[in-house]
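Student: The following file, work04.cif, comprises mmCIF, C-alpha atoms and all ligand atoms:
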```cif
data_upload
#
loop_
_atom_site.label_atom_id
_atom_site.label_comp_id
_atom_site.auth_asym_id
_atom_site.auth_seq_id
_atom_site.Cartn_x
_atom_site.Cartn_y
_atom_site.Cartn_z
CA MET A 1192 0.00 0.00 0.00
CA GLU A 1193 1.30 3.48 -0.94
CA LYS A 1194 2.17 5.56 2.10
CA PHE A 1195 0.90 8.84 0.67
CA LYS A 1196 -2.60 8.99 -0.74
CA LYS A 1197 -3.88 12.37 0.30
CA ILE A 1198 -2.09 15.62 1.11
CA ALA A 1199 -3.23 19.10 2.16
CA VAL A 1200 -1.91 22.57 1.40
CA LEU A 1201 -2.50 25.88 3.19
CA THR A 1202 -1.26 29.48 3.07
CA SER A 1203 -0.49 31.23 6.36
CA GLY A 1204 0.68 34.57 7.75
CA GLY A 1205 1.20 37.56 5.46
CA ASP A 1206 -0.01 37.06 1.89
CA ALA A 1207 2.55 37.20 -0.89
CA PRO A 1208 2.18 37.36 -4.67
CA GLY A 1209 3.08 33.96 -6.09
CA MET A 1210 1.34 31.96 -3.34
CA ASN A 1211 -1.31 30.97 -5.92
CA ALA A 1212 1.36 29.76 -8.32
CA ALA A 1213 2.73 27.60 -5.47
CA ILE A 1214 -0.75 26.20 -4.65
CA ARG A 1215 -1.23 25.39 -8.35
CA ALA A 1216 2.13 23.59 -8.49
CA VAL A 1217 1.36 21.54 -5.36
CA VAL A 1218 -2.06 20.52 -6.71
CA ARG A 1219 -0.83 19.61 -10.19
CA ALA A 1220 2.33 17.83 -8.96
CA GLY A 1221 0.25 15.98 -6.37
CA ILE A 1222 -2.29 14.82 -8.97
CA ALA A 1223 0.53 13.83 -11.36
CA ASN A 1224 1.77 11.57 -8.54
CA LYS A 1225 -1.72 10.06 -8.09
CA LEU A 1226 -2.38 11.89 -4.84
CA LYS A 1227 -5.61 13.51 -3.73
CA VAL A 1228 -5.03 17.13 -2.77
CA MET A 1229 -7.07 19.13 -0.26
CA GLY A 1230 -6.84 22.86 0.39
CA VAL A 1231 -7.22 24.27 3.91
CA LEU A 1232 -8.97 27.66 4.07
CA ARG A 1233 -7.47 30.59 6.06
CA GLY A 1234 -4.28 28.90 7.22
CA TYR A 1235 -4.06 27.41 10.70
CA LYS A 1236 -7.45 28.90 11.54
CA GLY A 1237 -9.10 26.62 8.97
CA LEU A 1238 -6.99 23.69 10.12
CA ILE A 1239 -8.43 24.11 13.62
CA SER A 1240 -12.02 24.70 12.42
CA ASN A 1241 -11.83 21.84 9.89
CA ASP A 1242 -12.26 23.91 6.72
CA PHE A 1243 -10.94 21.58 4.05
CA ILE A 1244 -11.84 21.66 0.34
CA LYS A 1245 -10.97 19.21 -2.41
CA LEU A 1246 -8.71 20.70 -5.08
CA GLU A 1247 -8.83 19.35 -8.63
CA SER A 1248 -6.56 20.40 -11.46
CA THR A 1249 -9.19 22.79 -12.91
CA ASP A 1250 -9.63 24.49 -9.51
CA VAL A 1251 -6.16 25.97 -9.95
CA SER A 1252 -6.60 27.04 -13.57
CA LYS A 1253 -5.74 30.67 -14.35
CA ILE A 1254 -4.44 31.52 -10.90
CA ILE A 1255 -0.73 31.55 -11.76
CA GLN A 1256 -1.02 35.23 -12.69
CA THR A 1257 -3.03 36.39 -9.66
CA GLY A 1258 -1.76 37.96 -6.43
CA GLY A 1259 -3.00 37.09 -2.93
CA THR A 1260 -4.07 33.52 -2.14
CA ILE A 1261 -7.20 31.68 -3.28
CA LEU A 1262 -7.17 29.68 -0.02
CA GLY A 1263 -7.16 32.81 2.13
CA THR A 1264 -4.76 33.40 4.98
CA ALA A 1265 -5.10 34.38 8.60
CA ARG A 1266 -3.28 34.67 11.88
CA SER A 1267 -4.31 32.09 14.47
CA PRO A 1268 -3.44 32.75 18.14
CA GLU A 1269 -5.04 29.38 19.01
CA PHE A 1270 -2.48 27.50 16.93
CA ARG A 1271 0.30 28.99 19.08
CA GLU A 1272 -0.99 26.83 21.98
CA PRO A 1273 -0.42 23.03 22.15
CA GLU A 1274 -4.21 22.48 22.52
CA GLY A 1275 -4.82 24.31 19.23
CA ARG A 1276 -2.27 22.13 17.48
CA VAL A 1277 -3.95 18.98 18.89
CA LYS A 1278 -7.21 20.10 17.24
CA ALA A 1279 -5.34 20.75 13.99
CA TYR A 1280 -3.76 17.29 14.09
CA GLU A 1281 -7.10 15.63 14.82
CA ASN A 1282 -8.64 17.33 11.79
CA LEU A 1283 -5.75 16.20 9.61
CA LYS A 1284 -6.40 12.62 10.74
CA LYS A 1285 -10.18 13.00 10.35
CA ASN A 1286 -9.63 14.05 6.72
CA GLN A 1287 -7.17 11.17 6.22
CA ILE A 1288 -4.35 13.55 5.32
CA ASP A 1289 -0.91 11.91 5.10
CA GLY A 1290 1.20 15.06 4.75
CA LEU A 1291 0.77 18.84 4.97
CA ILE A 1292 2.38 21.62 2.91
CA VAL A 1293 2.52 25.05 4.55
CA ILE A 1294 3.19 28.13 2.41
CA GLY A 1295 4.21 31.04 4.67
CA GLY A 1296 6.92 32.91 6.54
CA ASP A 1297 8.97 32.27 9.68
CA GLY A 1298 5.99 32.50 12.06
CA SER A 1299 4.11 29.91 10.03
CA PHE A 1300 7.20 27.69 10.02
CA ALA A 1301 7.54 27.96 13.82
CA GLY A 1302 4.01 26.58 14.07
CA ALA A 1303 4.63 23.98 11.35
CA SER A 1304 7.75 22.76 13.11
CA LEU A 1305 5.87 22.30 16.40
CA LEU A 1306 2.93 20.53 14.75
CA SER A 1307 5.28 18.15 12.98
CA ARG A 1308 7.39 17.36 16.06
CA GLU A 1309 4.57 17.12 18.62
CA HIS A 1310 2.48 14.78 16.49
CA ASN A 1311 5.16 13.10 14.39
CA PHE A 1312 3.39 14.34 11.27
CA PRO A 1313 5.06 15.13 7.91
CA VAL A 1314 4.98 18.88 7.24
CA ILE A 1315 6.86 20.61 4.42
CA GLY A 1316 7.28 24.40 4.30
CA ILE A 1317 7.37 26.54 1.16
CA PRO A 1318 8.85 30.02 1.80
CA GLY A 1319 6.18 32.58 0.89
CA THR A 1320 6.80 36.09 2.21
CA ILE A 1321 7.62 39.37 0.52
CA ASP A 1322 10.30 40.08 3.18
CA ASN A 1323 12.83 37.46 1.97
CA ASP A 1324 13.95 37.09 5.58
CA LEU A 1325 13.99 33.29 5.84
CA PHE A 1326 17.21 31.49 6.63
CA GLY A 1327 18.12 28.70 4.21
CA THR A 1328 16.74 30.11 0.97
CA ASP A 1329 18.13 32.80 -1.31
CA TYR A 1330 14.63 33.90 -2.34
CA THR A 1331 11.15 33.68 -0.93
CA ILE A 1332 8.01 33.74 -3.07
CA GLY A 1333 6.68 37.30 -3.40
CA TYR A 1334 9.96 39.11 -2.79
CA ASP A 1335 10.69 39.80 -6.46
CA THR A 1336 7.18 41.15 -7.08
CA ALA A 1337 7.43 43.39 -3.99
CA LEU A 1338 10.78 44.72 -5.23
CA ASN A 1339 9.28 45.55 -8.60
CA ASN A 1340 6.29 47.24 -6.93
CA VAL A 1341 8.67 49.39 -4.88
CA VAL A 1342 10.79 50.28 -7.91
CA ASP A 1343 7.67 51.34 -9.87
CA ALA A 1344 6.47 53.53 -7.02
CA VAL A 1345 9.85 55.10 -6.26
CA ASP A 1346 10.50 55.90 -9.93
CA LYS A 1347 7.23 57.88 -9.90
CA ILE A 1348 8.11 59.65 -6.66
CA ARG A 1349 11.52 60.49 -8.14
CA ASP A 1350 9.78 62.54 -10.88
CA THR A 1351 8.09 64.82 -8.37
CA ALA A 1352 11.13 64.85 -6.05
CA THR A 1353 13.38 66.08 -8.87
CA SER A 1354 10.87 68.65 -10.14
CA HIS A 1355 10.58 70.21 -6.68
CA ASN A 1356 14.14 69.63 -5.50
CA ARG A 1357 13.02 67.51 -2.57
CA VAL A 1358 14.48 65.04 -0.10
CA PHE A 1359 12.07 62.08 0.06
CA PHE A 1360 12.08 59.50 2.83
CA ILE A 1361 10.28 56.44 1.49
CA GLU A 1362 9.37 53.69 3.94
CA VAL A 1363 9.15 50.15 2.62
CA MET A 1364 8.10 46.87 4.27
CA GLY A 1365 10.46 44.57 6.17
CA ARG A 1366 9.54 44.07 9.80
CA GLU A 1367 12.93 43.07 11.10
CA ALA A 1368 14.91 42.92 7.91
CA GLY A 1369 16.15 45.33 5.30
CA PHE A 1370 16.12 43.00 2.29
CA ILE A 1371 13.41 44.91 0.40
CA ALA A 1372 14.96 48.31 1.17
CA LEU A 1373 18.47 47.21 0.23
CA ARG A 1374 17.77 45.60 -3.13
CA SER A 1375 15.04 48.01 -4.28
CA GLY A 1376 17.21 50.93 -3.11
CA ILE A 1377 20.00 49.81 -5.41
CA ALA A 1378 17.50 49.28 -8.23
CA CYS A 1379 16.11 52.82 -7.78
CA GLY A 1380 19.47 54.55 -7.45
CA ALA A 1381 18.56 55.69 -3.93
CA GLU A 1382 20.88 58.22 -2.29
CA ALA A 1383 20.72 56.36 1.03
CA ILE A 1384 19.28 53.09 2.34
CA LEU A 1385 18.49 52.76 6.06
CA ILE A 1386 18.09 49.18 7.29
CA PRO A 1387 17.82 47.62 10.77
CA GLU A 1388 20.91 45.45 10.22
CA ILE A 1389 23.22 48.50 10.30
CA SER A 1390 23.52 51.04 13.11
CA GLY A 1391 24.73 54.63 13.01
CA GLN A 1392 23.24 55.32 9.60
CA THR A 1393 21.56 58.61 10.55
CA ASP A 1394 24.96 60.28 11.11
CA LYS A 1395 26.20 59.00 7.78
CA LEU A 1396 23.06 60.32 6.11
CA LYS A 1397 23.56 63.78 7.64
CA GLU A 1398 27.15 63.77 6.39
CA PHE A 1399 25.97 62.92 2.88
CA LEU A 1400 23.29 65.64 2.89
CA ALA A 1401 25.78 68.22 4.16
CA THR A 1402 28.20 67.47 1.33
CA ARG A 1403 27.29 65.71 -1.92
CA GLY A 1404 23.56 65.76 -1.19
CA LYS A 1405 23.55 69.56 -1.62
CA THR A 1406 24.30 69.29 -5.32
CA ARG A 1407 21.59 66.72 -6.02
CA LYS A 1408 18.32 67.72 -7.70
CA SER A 1409 16.55 65.23 -5.42
CA SER A 1410 17.44 62.65 -2.81
CA ILE A 1411 15.59 59.41 -2.26
CA ILE A 1412 16.20 57.76 1.09
CA LEU A 1413 14.75 54.27 1.41
CA VAL A 1414 13.91 53.25 4.97
CA ALA A 1415 12.98 49.71 6.09
CA GLU A 1416 9.92 49.90 8.38
CA GLY A 1417 11.69 47.79 10.99
CA LYS A 1418 14.41 50.45 11.36
CA LYS A 1419 15.10 50.27 15.09
CA GLU A 1420 16.95 53.54 15.85
CA SER A 1421 13.90 55.71 15.19
CA SER A 1422 10.81 55.90 13.00
CA THR A 1423 10.92 57.22 9.44
CA PHE A 1424 9.09 60.38 10.57
CA ASP A 1425 11.60 60.88 13.41
CA ILE A 1426 14.57 60.66 11.06
CA ALA A 1427 12.89 63.04 8.60
CA LYS A 1428 12.30 65.51 11.46
CA ILE A 1429 15.97 65.36 12.49
CA VAL A 1430 17.02 66.11 8.91
CA GLU A 1431 14.44 68.90 8.56
CA LYS A 1432 15.76 70.54 11.72
CA GLU A 1433 19.40 70.25 10.74
CA PHE A 1434 18.87 71.31 7.11
CA PRO A 1435 16.02 73.87 7.21
CA GLU A 1436 16.75 74.85 3.61
CA MET A 1437 15.79 71.36 2.41
CA ASP A 1438 12.24 70.46 1.34
CA VAL A 1439 11.72 67.14 3.17
CA ARG A 1440 8.82 64.75 2.52
CA VAL A 1441 7.86 61.30 3.84
CA SER A 1442 6.00 58.63 1.88
CA ILE A 1443 4.94 55.27 3.35
CA LEU A 1444 4.41 52.81 0.52
CA GLY A 1445 2.38 50.36 2.64
CA HIS A 1446 0.24 47.55 1.30
CA ILE A 1447 0.61 48.27 -2.42
CA GLN A 1448 3.98 46.55 -2.08
CA ARG A 1449 2.42 43.12 -1.57
CA GLY A 1450 -0.27 43.29 -4.26
CA GLY A 1451 -0.57 42.66 -7.97
CA SER A 1452 0.34 40.02 -10.47
CA PRO A 1453 3.47 38.04 -9.52
CA THR A 1454 6.57 38.56 -11.67
CA ALA A 1455 7.83 35.79 -13.95
CA TYR A 1456 10.61 35.16 -11.43
CA ASP A 1457 8.16 34.62 -8.57
CA ARG A 1458 5.93 32.39 -10.70
CA VAL A 1459 8.84 30.17 -11.69
CA THR A 1460 10.22 30.01 -8.13
CA ALA A 1461 6.75 29.16 -6.79
CA SER A 1462 6.28 26.46 -9.43
CA ARG A 1463 9.67 24.89 -8.67
CA LEU A 1464 9.10 24.97 -4.91
CA GLY A 1465 5.57 23.57 -5.15
CA VAL A 1466 6.82 20.57 -7.12
CA ALA A 1467 9.81 20.20 -4.76
CA ALA A 1468 7.51 20.15 -1.72
CA VAL A 1469 5.43 17.27 -3.12
CA ASP A 1470 8.64 15.42 -4.05
CA ALA A 1471 9.96 15.95 -0.53
CA LEU A 1472 6.83 14.42 1.01
CA LEU A 1473 6.99 11.43 -1.32
CA ASN A 1474 10.67 10.98 -0.43
CA ASP A 1475 9.80 10.73 3.27
CA GLN A 1476 11.10 14.15 4.26
CA ARG A 1477 9.36 15.68 7.26
CA SER A 1478 9.68 18.95 9.09
CA ILE A 1479 11.73 20.66 6.40
CA MET A 1480 11.47 23.75 4.19
CA VAL A 1481 12.19 23.49 0.48
CA GLY A 1482 14.24 26.49 -0.62
CA ILE A 1483 16.44 27.82 -3.40
CA ALA A 1484 20.20 28.16 -2.92
CA ASP A 1485 22.55 28.91 -5.81
CA ASN A 1486 19.58 28.25 -8.10
CA ASP A 1487 19.18 24.67 -6.83
CA ILE A 1488 16.50 23.18 -4.60
CA THR A 1489 17.59 22.74 -0.98
CA HIS A 1490 16.02 21.08 2.06
CA VAL A 1491 16.43 22.87 5.39
CA PRO A 1492 15.04 21.66 8.76
CA LEU A 1493 12.08 23.84 9.72
CA ASN A 1494 13.45 24.51 13.21
CA LYS A 1495 16.65 25.86 11.63
CA THR A 1496 14.71 28.32 9.46
CA VAL A 1497 13.06 29.61 12.61
CA LYS A 1498 16.13 29.81 14.88
CA LEU A 1499 18.74 31.12 12.46
CA HIS A 1500 18.83 34.59 10.93
CA LYS A 1501 19.54 35.26 7.32
CA LYS A 1502 22.32 37.76 6.72
CA VAL A 1503 22.01 40.61 4.26
CA ASN A 1504 24.07 40.27 1.11
CA GLU A 1505 27.53 41.72 1.93
CA HIS A 1506 28.26 42.57 -1.67
CA LEU A 1507 25.11 44.68 -1.94
CA LEU A 1508 26.11 46.52 1.24
CA GLU A 1509 29.59 47.16 -0.13
CA ILE A 1510 28.42 48.65 -3.40
CA ILE A 1511 25.87 51.13 -1.99
CA ASP A 1512 28.50 53.70 -1.04
CA LEU A 1513 30.22 53.44 -4.42
CA LEU A 1514 27.03 54.05 -6.35
CA ILE A 1515 25.75 57.17 -4.57
P1 LIG B 1601 4.44 34.71 8.83
O1 LIG B 1601 4.33 33.24 8.58
O2 LIG B 1601 4.14 35.53 7.60
O3 LIG B 1601 5.73 35.09 9.52
P2 LIG B 1601 2.99 35.12 11.39
O4 LIG B 1601 4.22 35.43 12.14
O5 LIG B 1601 1.80 35.98 11.59
O6 LIG B 1601 3.21 35.12 9.80
O7 LIG B 1601 2.57 33.61 11.71
C1 LIG B 1601 1.43 33.02 11.13
C2 LIG B 1601 0.78 32.07 12.09
O8 LIG B 1601 1.71 31.05 12.45
C3 LIG B 1601 0.37 32.70 13.42
O9 LIG B 1601 -0.89 33.32 13.39
C4 LIG B 1601 0.34 31.47 14.36
O10 LIG B 1601 -0.86 30.75 14.19
C5 LIG B 1601 1.49 30.63 13.80
N1 LIG B 1601 2.70 30.88 14.62
C6 LIG B 1601 3.54 31.94 14.57
N2 LIG B 1601 4.52 31.85 15.49
C7 LIG B 1601 4.28 30.69 16.17
C8 LIG B 1601 4.93 30.02 17.25
N3 LIG B 1601 6.03 30.51 17.83
N4 LIG B 1601 4.40 28.86 17.69
C9 LIG B 1601 3.30 28.33 17.10
N5 LIG B 1601 2.64 28.91 16.08
C10 LIG B 1601 3.12 30.07 15.61
#
```
Let me see whether you can do it: turn the structure in this file into structure tokens.
Ligand code: ADP
Tutor:
Amino acid sequence: MEKFKKIAVLTSGGDAPGMNAAIRAVVRAGIANKLKVMGVLRGYKGLISNDFIKLESTDVSKIIQTGGTILGTARSPEFREPEGRVKAYENLKKNQIDGLIVIGGDGSFAGASLLSREHNFPVIGIPGTIDNDLFGTDYTIGYDTALNNVVDAVDKIRDTATSHNRVFFIEVMGREAGFIALRSGIACGAEAILIPEISGQTDKLKEFLATRGKTRKSSIILVAEGKKESSTFDIAKIVEKEFPEMDVRVSILGHIQRGGSPTAYDRVTASRLGVAAVDALLNDQRSIMVGIADNDITHVPLNKTVKLHKKVNEHLLEIIDLLI
């Protein structure tokens, strides 16, 4: 008798463009391997309230190009407690599920790791978060689309900034990590990039504005929202006070960063990872994340993705100063 007959897939935590492409890949790869595939609605919330739906190949038609997640996503405080995870496990058994695929970020993986270990149940994680802050994978699904959204928006802001000779502080997402700010900042030709991983950047910014910044028609300063020293508005106020002759503005890009049609890169990454997750289950992997490293598929223990922190790309950090 085959060990795996029926699997389930869910999306959890913050939504990310490309999650649908990953769901589609899981469903189609599962069916190609003669598995039945169920979708769980609203992440761990639906796992606890037993909201399972059958997914056929046609149910995932024409979703590769859509943002968000057709399964819905939610945050579930109940799943953080062992009792909540017992309910989730019981529903998995009730629905005769042999393995679960969780598409989400580090919070979702913390929960997935506990569920898998406490109940000895196979769970595979697919990294889906715009923040790209997961250890063990070079890219997470949604990151490339978010970068392109930021670049589009900042290019537009640059037009008005240059016309009015302004200094613009633009806040981008990244709760505890500066990956979006760093890469999109380089792509936009930002004059400065402030990220939580580096301290003392406000002084360096002031030095730039006092010297080379004075000759610029506009300055774009990208700030990661998780910047710990002070808020984007606080930094802008400091600059306004020190350089009263400068016309300072703040723009918070917010939720537009995570919306829209996923880029080709995110669709391909999601498709590869969806197939890799089904393969991993069939090859008896449990409690791992499938990721991409050096353009190859990797398997990383879920508890490692939660405990370890991904470092920002040193080369990108080195080149910022040269390019300003
Ligand atoms: P993301 O996966 O995008 O990082 P969250 O951090 O909001 O999103 O986590 C999503 C869900 O994962 C939470 O609502 C909760 O149900 C579960 N979760 C997060 N952290 C833990 C944890 N330490 N233990 C158990 N479950 C967790």
Student: Using only C-alpha atoms and all ligand atoms, determine which residues fall within 8 Å of ligand LIG 1601 (chain B), then list them as number ranges by chain.
Tutor: A: 1203-1206, 1234-1236, 1265-1272, 1295-1303, 1305, 1319-1320
Student: Since we have the selection now, will you write its residues out, keeping C-alpha atoms, as a JSON list (two decimals), in the frame of the given file?
Tutor:
```
[["chain", "number", "residue", "atom", "x", "y", "z"],
["A", 1203, "SER", "CA", -0.49, 31.23, 6.36],
["A", 1204, "GLY", "CA", 0.68, 34.57, 7.75],
["A", 1205, "GLY", "CA", 1.20, 37.56, 5.46],
["A", 1206, "ASP", "CA", -0.01, 37.06, 1.89],
["A", 1234, "GLY", "CA", -4.28, 28.90, 7.22],
["A", 1235, "TYR", "CA", -4.06, 27.41, 10.70],
["A", 1236, "LYS", "CA", -7.45, 28.90, 11.54],
["A", 1265, "ALA", "CA", -5.10, 34.38, 8.60],
["A", 1266, "ARG", "CA", -3.28, 34.67, 11.88],
["A", 1267, "SER", "CA", -4.31, 32.09, 14.47],
["A", 1268, "PRO", "CA", -3.44, 32.75, 18.14],
["A", 1269, "GLU", "CA", -5.04, 29.38, 19.01],
["A", 1270, "PHE", "CA", -2.48, 27.50, 16.93],
["A", 1271, "ARG", "CA", 0.30, 28.99, 19.08],
["A", 1272, "GLU", "CA", -0.99, 26.83, 21.98],
["A", 1295, "GLY", "CA", 4.21, 31.04, 4.67],
["A", 1296, "GLY", "CA", 6.92, 32.91, 6.54],
["A", 1297, "ASP", "CA", 8.97, 32.27, 9.68],
["A", 1298, "GLY", "CA", 5.99, 32.50, 12.06],
["A", 1299, "SER", "CA", 4.11, 29.91, 10.03],
["A", 1300, "PHE", "CA", 7.20, 27.69, 10.02],
["A", 1301, "ALA", "CA", 7.54, 27.96, 13.82],
["A", 1302, "GLY", "CA", 4.01, 26.58, 14.07],
["A", 1303, "ALA", "CA", 4.63, 23.98, 11.35],
["A", 1305, "LEU", "CA", 5.87, 22.30, 16.40],
["A", 1319, "GLY", "CA", 6.18, 32.58, 0.89],
["A", 1320, "THR", "CA", 6.80, 36.09, 2.21]]
```
Student: Padding 3 Å on every side, please: axis-aligned box over the listed atoms of segment 1427-1445 of chain A, centre and edge lengths to one decimal in Å, as lines of an AutoDock Vina configuration file.
Tutor:
```
center_x = 10.9
center_y = 62.6
center_z = 6.5
size_x = 23.0
size_y = 30.5
size_z = 18.0
```
Student: Please identify all polymer residues within 12 Å of Glu1433 of chain A, counting all atoms listed in the file, omitting same-chain residues fewer than 5 positions from it, and present them as a PyMOL selection string.
Tutor: chain A and resi 1393-1394+1396-1398+1400-1401+1426-1428+1438-1439
Student: As number ranges by chain, please: the residues near Ile1361 of chain A (cut-off 6 Å, only C-alpha atoms, same-chain neighbours under 2 positions excluded).
Tutor: A: 1413-1414, 1441-1443
Student: Expressed in Å to a single decimal, how great is the separation between atom CA of Pro1435 of chain A and atom CA of Leu1513 of chain A?
Tutor: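 Computed distance, atom CA of Pro1435 of chain A to atom CA of Leu1513 of chain A, equals 27.5 Å.
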Student: How many Å separate atom CA of Ala1484 of chain A from atom CA of Ile1255 of chain A?
Tutor: 23.0 Å
Student: Under the rule that only C-alpha atoms are counted, which of A:Ala1199, A:Val1481, A:Ile1411, A:Leu1338 is the nearest residue to Thr1353 of chain A?
Tutor: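 Under the stated criterion, the closest residue is A:Ile1411.
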Student: Name all residues at most 7 Å from Pro1208 of chain A (count all atoms listed in the file; drop same-chain ones fewer than 2 positions away) and give them as a ChimeraX atom specification.
Tutor: /A:1206,1210,1258-1259,1333,1336,1449-1453
Student: So what do you get for atom CA of Val1251 of chain A versus atom CA of Asp1335 of chain A, distance-wise?
Tutor: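 Calculated distance between atom CA of Val1251 of chain A and atom CA of Asp1335 of chain A is 22.1 Å.
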Student: Could you name the residues that touch segment 1465-1478 of chain A at 8 Å or less, counting only C-alpha atoms, but leaving out those on the same chain fewer than 4 positions away, as an MDAnalysis selection string?
Tutor: chainID A and resid 1195 1213:1217 1220:1221 1290 1292 1303:1304 1307:1308 1312:1317 1461 1488 1492:1494
Student: Using all atoms listed in the file, find the one residue out of A:Val1277, A:Ala1207, A:Leu1283, A:Ala1378 that sits nearest to Val1231 of chain A.
Tutor: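 Counting all atoms listed in the file, the residue closest to Val1231 of chain A is A:Leu1283.
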Student: Can you tell me, as a list of chain:residue names, what residues are no more than 12 Å from Arg1440 of chain A when counting all atoms listed in the file, ignoring any on the same chain fewer than 5 positions away?
Tutor: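 Once the adjacent positions are removed, what remains is A:Ile1348, A:Arg1349, A:Thr1351, A:Ala1352, A:His1355, A:Asn1356, A:Arg1357, A:Val1358, A:Phe1359, A:Phe1360, A:Ile1361, A:Glu1362, A:Ser1409, A:Ser1410, A:Ile1411, A:Ile1412, A:Thr1423, A:Phe1424, A:Asp1425, A:Ile1426, A:Ala1427, A:Lys1428, A:Val1430, A:Glu1431.
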Student: For Thr1406 of chain A, which residue out of A:Ile1511, A:Ile1429, A:Leu1385, A:Met1437 is the nearest one, using all atoms listed in the file?
Tutor: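 Looking only at the distances to Thr1406 of chain A, the closest residue turns out to be A:Met1437.
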Student: Between A:Asp1485, A:Asp1350, A:Glu1281, A:Glu1505, which is the closest to Phe1370 of chain A once you count only C-alpha atoms?
Tutor: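 The closest residue to Phe1370 of chain A is A:Glu1505.
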Student: With only C-alpha atoms counted, which protein, DNA or RNA residues have an atom no more than 8 Å from (12.8, 39.5, 8.8) in the file frame? Please answer as a list in words.
Tutor: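 These residues have at least one counted atom within 8 Å: Asp1322, Asn1323, Asp1324, Leu1325, Gly1365, Arg1366, Glu1367, Ala1368 and Gly1369 of chain A.
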Student: Using all atoms listed in the file, find the one residue out of A:Val1491, A:Ala1212, A:Val1503, A:Leu1238 that sits nearest to Ile1386 of chain A.
Tutor: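 Closest to Ile1386 of chain A of all the choices is A:Val1503.
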Student: Pick out the closest residue to Asn1486 of chain A from this set: A:Ile1288, A:Asp1329, A:Thr1454, A:Ala1383. Count all atoms listed in the file.
Tutor: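 Looking only at the distances to Asn1486 of chain A, the closest residue turns out to be A:Asp1329.
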